[in-house]
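Enquirer: This is the structure I have questions about; it appears just below.
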Amino acid sequence: MDNKILENVIYVLFGILIQLLLYFKLIELPELFMIIIGFIGFAAIVYGLLELAENLRERKTINPVIVEDEVHHINYCSNCGEEISFGTKYCPKCGHHITNSD
Ligand SMILES: [Zn+2]
């Protein structure tokens with residue numbers, strides 16, 4: 001678990017803890033403070049969940065296939081999808097000219 005996600009989870013847990021404290025009246029404060037603290041707790045939950053969703057989405061977009069290909073120096077033909085060794089100029093299957101952008 002990376003630090004960002006852990007941080008988001010802490011926000012959410014902190015918010016839930018505040019809501020529980022208020023709900024079970026475990027802390028005694030003037031009503032105005034209760035409302036403010038309740039709002040902070042609620043905001044922490046919402047913020048934590050939104051950031052958590054964002055971070056998890058960013059994580060998913062990292063394509064493990066591309067990372068592996070960089071390690072093994074493998075390209076794919078943009079024309080037919082054939083696996084091509086790094087540095088090969090023409091696709092062995094269809095003869096497509098391989099450029100650096102392929
Ligand atoms: Zn090809």
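Chain labels run A, B, ... following the order of the structure tokens; each chain numbers its residues from 1, and ligands are numbered from 1 in the order shown.
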Enumerate as a list of chain:residue names the residues within 7 Å of ligand 1, counting only C-alpha atoms and all ligand atoms.
Expert: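 Taking only C-alpha atoms and all ligand atoms into account, the residues around ligand 1 at most 7 Å away are A:Cys77, A:Ser78, A:Asn79, A:Cys80, A:Gly81, A:Glu82, A:Cys91, A:Pro92, A:Lys93, A:Cys94, A:Gly95, A:His96.
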Enquirer: Write the residues you've just listed into a file as a PDB file, in the first residue's frame, and include N, CA and C atoms for each of them.
Expert:
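Written out: out_21.pdb:
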```pdb
ATOM      1  N   CYS A  77       4.361  -4.709 -33.917  1.00  0.00           N
ATOM      2  CA  CYS A  77       4.082  -4.099 -35.222  1.00  0.00           C
ATOM      3  C   CYS A  77       2.768  -3.329 -35.135  1.00  0.00           C
ATOM      4  N   SER A  78       2.784  -2.045 -35.577  1.00  0.00           N
ATOM      5  CA  SER A  78       1.561  -1.233 -35.514  1.00  0.00           C
ATOM      6  C   SER A  78       0.575  -1.661 -36.597  1.00  0.00           C
ATOM      7  N   ASN A  79       1.039  -2.441 -37.569  1.00  0.00           N
ATOM      8  CA  ASN A  79       0.187  -2.876 -38.675  1.00  0.00           C
ATOM      9  C   ASN A  79      -0.534  -4.176 -38.357  1.00  0.00           C
ATOM     10  N   CYS A  80       0.215  -5.201 -37.884  1.00  0.00           N
ATOM     11  CA  CYS A  80      -0.402  -6.511 -37.669  1.00  0.00           C
ATOM     12  C   CYS A  80      -0.335  -6.991 -36.220  1.00  0.00           C
ATOM     13  N   GLY A  81       0.418  -6.295 -35.384  1.00  0.00           N
ATOM     14  CA  GLY A  81       0.485  -6.665 -33.979  1.00  0.00           C
ATOM     15  C   GLY A  81       1.508  -7.738 -33.644  1.00  0.00           C
ATOM     16  N   GLU A  82       2.299  -8.125 -34.614  1.00  0.00           N
ATOM     17  CA  GLU A  82       3.338  -9.139 -34.411  1.00  0.00           C
ATOM     18  C   GLU A  82       4.404  -8.645 -33.422  1.00  0.00           C
ATOM     19  N   CYS A  91       8.798  -5.577 -40.060  1.00  0.00           N
ATOM     20  CA  CYS A  91       8.037  -6.661 -39.444  1.00  0.00           C
ATOM     21  C   CYS A  91       8.258  -7.963 -40.220  1.00  0.00           C
ATOM     22  N   PRO A  92       8.654  -9.058 -39.549  1.00  0.00           N
ATOM     23  CA  PRO A  92       8.899 -10.332 -40.235  1.00  0.00           C
ATOM     24  C   PRO A  92       7.626 -10.974 -40.777  1.00  0.00           C
ATOM     25  N   LYS A  93       6.483 -10.555 -40.273  1.00  0.00           N
ATOM     26  CA  LYS A  93       5.221 -11.161 -40.686  1.00  0.00           C
ATOM     27  C   LYS A  93       4.599 -10.444 -41.886  1.00  0.00           C
ATOM     28  N   CYS A  94       4.513  -9.102 -41.797  1.00  0.00           N
ATOM     29  CA  CYS A  94       3.820  -8.364 -42.852  1.00  0.00           C
ATOM     30  C   CYS A  94       4.731  -7.405 -43.612  1.00  0.00           C
ATOM     31  N   GLY A  95       5.954  -7.234 -43.154  1.00  0.00           N
ATOM     32  CA  GLY A  95       6.899  -6.382 -43.868  1.00  0.00           C
ATOM     33  C   GLY A  95       6.736  -4.897 -43.604  1.00  0.00           C
ATOM     34  N   HIS A  96       5.859  -4.553 -42.648  1.00  0.00           N
ATOM     35  CA  HIS A  96       5.633  -3.145 -42.302  1.00  0.00           C
ATOM     36  C   HIS A  96       6.916  -2.513 -41.767  1.00  0.00           C
TER      37      HIS A  96
END
```
Enquirer: Give the strand (DSSP E) residues of chain A, as DSSP finds them on the backbone, and put them as a VMD selection string.
Expert: chain A and resid 74 to 76 83 to 85
Enquirer: Ranking A:Lys60, A:Gly38, A:Thr99, A:Ile45 by minimum distance to Leu21 of chain A and counting only C-alpha atoms, which one comes first?
Expert: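 Of the candidates, the smallest distance to Leu21 of chain A is held by A:Gly38.
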Enquirer: Just the residues within 12 Å of Ile35 of chain A, please, counting only C-alpha atoms, with nothing from its chain fewer than 6 positions along; format it as a PyMOL selection string.
Expert: chain A and resi 18-19+22-23+29+41-42
Enquirer: Tell me, in Å to one decimal, how far atom CA of Val46 of chain A is from atom CA of Asp2 of chain A.
Expert: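 Separation of atom CA of Val46 of chain A and atom CA of Asp2 of chain A: 19.9 Å.
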Enquirer: I want to know what sits within 6 Å of segment 48-54 of chain A, based on only C-alpha atoms, with residues of the same chain fewer than 3 positions away left out; could you give that as a list of chain:residue names?
Expert: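 Listed by chain and then number, they are A:Ile5, A:Asn8, A:Tyr11, A:Val12, A:Ala44, A:Ile45, A:Arg57.
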Enquirer: Quick check, in Å to one decimal: how far apart do atom CA of Glu58 of chain A and atom CA of Glu7 of chain A lie?
Expert: 15.6 Å
